[in-house]
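**Student:** Can you read through this structure? Questions will come right after.
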Amino acid sequence: MTSAEITAQSADPHHLGHGDHKRAPGRGVGGPASKRIVVGYGFWIFLLSDIVMFSGFFAAYAVLHDATAGGPTSAQLFDVRNTAIETALLLASSFACGLASLAVDARKPIWVHAALAVTFVFGFAFVGLEAREFADLVARGAGPSRSAFLSAFFTLVGCHGLHVSAGLLWMLTMSAQLFAKGFRADILRRFLCFSLFWHALDIIWVAIFTLVYLFGAKP
Amino acid sequence: MSETERRASAEPLETDLAPGDEGDGSTDLLPGLRGYLIGLGLAVLLTVASFTLPGTSLIWGPGIPVALIVLAIAQMGVHLVFFLHLTTAPDNTNNVLALAFGVLIVALVIFGSLWIMSNLNANMMPDAAMSGMSMHGM
């Protein structure tokens, strides 16, 4: 080992300046992490902050569940069959999104767009069912202004529905970008963020169908 | 053997890819597809269990909410591992730590709110006593 190498090693014992792309997990070992890992981490932190925001709505709903102000209760309003269909739609959509990620990894444009189309159809059907449920509740005089319980319900479930709707718009732009710009590195990172977002929505829905619908439907 | 050499040989990071994670342009899709299929199967199983459990007498009635919560947490775990590809690999340490912090905040917000509000409700005077007192005050 030459003296120059020894000096370089002592100045940079962990080879931070000599990043080997494959050996950088993002903890300083082997140099700076790849952009893909950093972007995924940043977006994961956004998703967690979103989940923390939802936890506030969940807490409000749990506290106000019995504050019906003489109006209809959750057991009188909720239709578990409808919720089961919505759950199946969102899970199928999440799976199709996973298939789209696989197709992106394999760089197969036709399969990417086909899988994204299936993802969109299932997601859109989910939003449609939820909109129908909301319209039905409002028509029965159980709108968000009826009681604190219904305000909390519409805020929590409606916020998730807005997230899914935003995800649908994002999916369209993602599909257009993949079509127009191809599998560029930055487009691949955006697609990674989109797939994380879509799968995280399904996680929040698991909490909603358990804590809101299954708990609420019991007398 | 120097310190860096030893570390490099002890951690073969090249192979520490999450199931279904993007490889280095490899076109072998089968492991990824298998991961998503296992995830879908487990999620369907847990969802069906959640929806059918309240209508059956398989579980002692008052225990059903606990069972539903356990099933929900299990399904969230399935989604995290098989769909979001959260693993114990070195490139995921930061993500797991962030998740742990998120879970802590969520638990504090939800259980803290429930605890405080039930305590307030228990200490609240009944409505009749409240209105009687305010009249007396006037």
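Each chain in the structure tokens gets a letter, A, B and so on, in the order shown; residues start at 1 in every chain, and ligands are counted from 1 in the order they appear.
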Give me, as a tab-separated table, the closest atom pair and its distance (Å, one decimal) for every residue of chain A within a cut-off of 9 Å of chain B, counting only C-alpha atoms, rows sorted by chain and rising number.
**Tutor:**
residue	atom	partner	partner_atom	distance
A:Pro13	CA	B:Thr4	CA	7.8
A:His14	CA	B:Thr4	CA	7.0
A:His15	CA	B:Thr4	CA	8.4
A:Lys22	CA	B:Glu14	CA	5.8
A:Arg23	CA	B:Leu13	CA	5.7
A:Ala24	CA	B:Asp91	CA	7.5
A:Pro25	CA	B:Asp91	CA	3.8
A:Gly26	CA	B:Asp91	CA	5.9
A:Arg27	CA	B:Asp91	CA	7.7
A:Gly30	CA	B:Ala8	CA	8.7
A:Ala33	CA	B:Asp91	CA	8.3
A:Ile37	CA	B:Asp91	CA	7.2
A:Gly40	CA	B:Asn95	CA	8.6
A:Tyr41	CA	B:Asn95	CA	6.0
A:Trp44	CA	B:Asn95	CA	7.0
A:Ile45	CA	B:Ala98	CA	6.8
A:Leu48	CA	B:Gly102	CA	5.8
A:Ser49	CA	B:Gly102	CA	7.4
A:Ile51	CA	B:Val106	CA	7.7
A:Val52	CA	B:Val106	CA	5.6
A:Met53	CA	B:Val106	CA	8.7
A:Phe54	CA	B:Val106	CA	8.6
A:Ser55	CA	B:Val106	CA	5.5
A:Gly56	CA	B:Val109	CA	6.5
A:Phe58	CA	B:Ile110	CA	7.0
A:Ala59	CA	B:Ile110	CA	4.7
A:Ala60	CA	B:Ser113	CA	7.9
A:Ala62	CA	B:Leu114	CA	7.2
A:Val63	CA	B:Leu114	CA	6.1
A:Val80	CA	B:Phe51	CA	8.1
A:Ala84	CA	B:Phe51	CA	7.3
A:Thr87	CA	B:Thr47	CA	8.2
A:Ala88	CA	B:Val44	CA	8.2
A:Leu91	CA	B:Leu40	CA	7.8
A:Ala92	CA	B:Leu40	CA	8.3
A:Ser94	CA	B:Phe83	CA	8.0
A:Phe95	CA	B:Leu40	CA	6.7
A:Gly98	CA	B:Tyr36	CA	6.7
A:Leu99	CA	B:Leu33	CA	7.3
A:Ser101	CA	B:Glu22	CA	8.8
A:Leu102	CA	B:Gly32	CA	6.8
A:Ala103	CA	B:Leu29	CA	8.4
A:Asp105	CA	B:Glu22	CA	6.0
A:Ala106	CA	B:Thr27	CA	5.2
A:Arg107	CA	B:Thr27	CA	8.4
A:Ser195	CA	B:Leu84	CA	8.1
A:Leu196	CA	B:Leu84	CA	6.0
A:His199	CA	B:Phe83	CA	6.4
A:Ala200	CA	B:Leu84	CA	7.7
A:Asp202	CA	B:His79	CA	8.0
A:Ile203	CA	B:Met76	CA	5.6
A:Ile204	CA	B:Met76	CA	8.5
A:Val206	CA	B:Ala72	CA	6.2
A:Ala207	CA	B:Ala72	CA	6.5
A:Thr210	CA	B:Leu68	CA	6.7
A:Leu211	CA	B:Ile69	CA	8.0
A:Leu214	CA	B:Phe51	CA	7.3
A:Phe215	CA	B:Pro65	CA	7.0
A:Lys218	CA	B:Pro54	CA	7.8
**Student:** List the neighbours of Ala69 of chain A out to 12 Å using only C-alpha atoms; skip same-chain residues closer than 3 positions along the sequence, and give me the result as a ChimeraX atom specification.
**Tutor:** /A:64-66,72-73,142,145-151
**Student:** When you look at segment 112-125 of chain A with a cut-off of 8 Å (counting only C-alpha atoms), what residues show up, excluding the ones that are within fewer than 2 positions of it in the same chain? I need them as an NGL selection string.
**Tutor:** :A and (89-90 or 92-97 or 99-101 or 103-104 or 108-110 or 127-129 or 164-165 or 168 or 171 or 175)
**Student:** Write the residues of the preceding selection, restricted to N, CA and C atoms, as a PDB file, in the first residue's frame.
**Tutor:**
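Full text of part_9.pdb as output:
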ATOM      1  N   LEU A  89     -62.504  -4.629  -4.223  1.00  0.00           N
ATOM      2  CA  LEU A  89     -62.079  -3.777  -5.341  1.00  0.00           C
ATOM      3  C   LEU A  89     -60.724  -3.140  -5.064  1.00  0.00           C
ATOM      4  N   LEU A  90     -60.556  -2.615  -3.843  1.00  0.00           N
ATOM      5  CA  LEU A  90     -59.310  -1.910  -3.540  1.00  0.00           C
ATOM      6  C   LEU A  90     -58.139  -2.886  -3.472  1.00  0.00           C
ATOM      7  N   ALA A  92     -57.907  -5.752  -5.132  1.00  0.00           N
ATOM      8  CA  ALA A  92     -57.601  -6.131  -6.520  1.00  0.00           C
ATOM      9  C   ALA A  92     -56.814  -5.022  -7.205  1.00  0.00           C
ATOM     10  N   SER A  93     -57.198  -3.770  -6.921  1.00  0.00           N
ATOM     11  CA  SER A  93     -56.501  -2.628  -7.505  1.00  0.00           C
ATOM     12  C   SER A  93     -55.050  -2.586  -7.044  1.00  0.00           C
ATOM     13  N   SER A  94     -54.843  -2.855  -5.737  1.00  0.00           N
ATOM     14  CA  SER A  94     -53.486  -2.854  -5.185  1.00  0.00           C
ATOM     15  C   SER A  94     -52.635  -3.944  -5.846  1.00  0.00           C
ATOM     16  N   PHE A  95     -53.230  -5.115  -6.032  1.00  0.00           N
ATOM     17  CA  PHE A  95     -52.510  -6.226  -6.661  1.00  0.00           C
ATOM     18  C   PHE A  95     -52.151  -5.875  -8.101  1.00  0.00           C
ATOM     19  N   ALA A  96     -53.114  -5.282  -8.824  1.00  0.00           N
ATOM     20  CA  ALA A  96     -52.845  -4.889 -10.214  1.00  0.00           C
ATOM     21  C   ALA A  96     -51.718  -3.866 -10.275  1.00  0.00           C
ATOM     22  N   CYS A  97     -51.670  -2.968  -9.271  1.00  0.00           N
ATOM     23  CA  CYS A  97     -50.597  -1.981  -9.222  1.00  0.00           C
ATOM     24  C   CYS A  97     -49.247  -2.691  -9.015  1.00  0.00           C
ATOM     25  N   LEU A  99     -48.570  -5.679 -10.095  1.00  0.00           N
ATOM     26  CA  LEU A  99     -48.236  -6.259 -11.404  1.00  0.00           C
ATOM     27  C   LEU A  99     -47.658  -5.186 -12.321  1.00  0.00           C
ATOM     28  N   ALA A 100     -48.192  -3.951 -12.208  1.00  0.00           N
ATOM     29  CA  ALA A 100     -47.651  -2.864 -13.029  1.00  0.00           C
ATOM     30  C   ALA A 100     -46.188  -2.600 -12.658  1.00  0.00           C
ATOM     31  N   SER A 101     -45.869  -2.646 -11.332  1.00  0.00           N
ATOM     32  CA  SER A 101     -44.464  -2.442 -10.941  1.00  0.00           C
ATOM     33  C   SER A 101     -43.579  -3.531 -11.523  1.00  0.00           C
ATOM     34  N   ALA A 103     -44.112  -5.161 -14.271  1.00  0.00           N
ATOM     35  CA  ALA A 103     -43.980  -4.894 -15.710  1.00  0.00           C
ATOM     36  C   ALA A 103     -42.995  -3.754 -15.951  1.00  0.00           C
ATOM     37  N   VAL A 104     -42.990  -2.759 -15.025  1.00  0.00           N
ATOM     38  CA  VAL A 104     -42.017  -1.669 -15.165  1.00  0.00           C
ATOM     39  C   VAL A 104     -40.602  -2.212 -14.991  1.00  0.00           C
ATOM     40  N   LYS A 108     -41.651  -3.617 -19.877  1.00  0.00           N
ATOM     41  CA  LYS A 108     -42.614  -4.062 -20.890  1.00  0.00           C
ATOM     42  C   LYS A 108     -43.758  -3.049 -20.938  1.00  0.00           C
ATOM     43  N   PRO A 109     -43.691  -2.057 -21.848  1.00  0.00           N
ATOM     44  CA  PRO A 109     -44.654  -0.940 -21.837  1.00  0.00           C
ATOM     45  C   PRO A 109     -46.106  -1.388 -21.953  1.00  0.00           C
ATOM     46  N   ILE A 110     -46.381  -2.369 -22.824  1.00  0.00           N
ATOM     47  CA  ILE A 110     -47.775  -2.757 -23.029  1.00  0.00           C
ATOM     48  C   ILE A 110     -48.372  -3.292 -21.739  1.00  0.00           C
ATOM     49  N   VAL A 127     -64.211   4.190  -5.805  1.00  0.00           N
ATOM     50  CA  VAL A 127     -64.661   5.564  -5.541  1.00  0.00           C
ATOM     51  C   VAL A 127     -66.143   5.705  -5.887  1.00  0.00           C
ATOM     52  N   GLY A 128     -66.564   5.057  -6.984  1.00  0.00           N
ATOM     53  CA  GLY A 128     -67.968   5.131  -7.367  1.00  0.00           C
ATOM     54  C   GLY A 128     -68.882   4.537  -6.304  1.00  0.00           C
ATOM     55  N   LEU A 129     -68.502   3.359  -5.773  1.00  0.00           N
ATOM     56  CA  LEU A 129     -69.319   2.731  -4.732  1.00  0.00           C
ATOM     57  C   LEU A 129     -69.391   3.620  -3.499  1.00  0.00           C
ATOM     58  N   VAL A 164     -57.852   8.420  -2.623  1.00  0.00           N
ATOM     59  CA  VAL A 164     -57.956   7.470  -3.742  1.00  0.00           C
ATOM     60  C   VAL A 164     -58.201   8.228  -5.042  1.00  0.00           C
ATOM     61  N   SER A 165     -59.071   9.266  -4.985  1.00  0.00           N
ATOM     62  CA  SER A 165     -59.337  10.051  -6.199  1.00  0.00           C
ATOM     63  C   SER A 165     -58.065  10.734  -6.686  1.00  0.00           C
ATOM     64  N   LEU A 168     -55.974   8.302  -8.385  1.00  0.00           N
ATOM     65  CA  LEU A 168     -56.440   7.992  -9.747  1.00  0.00           C
ATOM     66  C   LEU A 168     -55.901   9.020 -10.745  1.00  0.00           C
ATOM     67  N   MET A 171     -52.356   8.408 -11.280  1.00  0.00           N
ATOM     68  CA  MET A 171     -52.154   7.225 -12.131  1.00  0.00           C
ATOM     69  C   MET A 171     -52.228   7.613 -13.607  1.00  0.00           C
ATOM     70  N   SER A 175     -49.205   7.231 -16.208  1.00  0.00           N
ATOM     71  CA  SER A 175     -49.327   6.458 -17.445  1.00  0.00           C
ATOM     72  C   SER A 175     -48.891   7.307 -18.638  1.00  0.00           C
TER      73      SER A 175
END
**Student:** At what distance in Å, to one decimal, does atom CA of Glu86 of chain A lie from atom CA of Phe191 of chain A?
**Tutor:**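 Computing it gives 24.5 Å between the two atoms.
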**Student:** So which bits of segment 13-173 of chain A end up alpha helix (DSSP H) when you DSSP the backbone, as a ChimeraX atom specification?
**Tutor:** /A:35-64,74-77,80-105,109-139,148-173
**Student:** At what distance in Å, to one decimal, does atom CA of Ala67 of chain A lie from atom CA of Gly63 of chain B?
**Tutor:**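 Computing it gives 24.2 Å between the two atoms.
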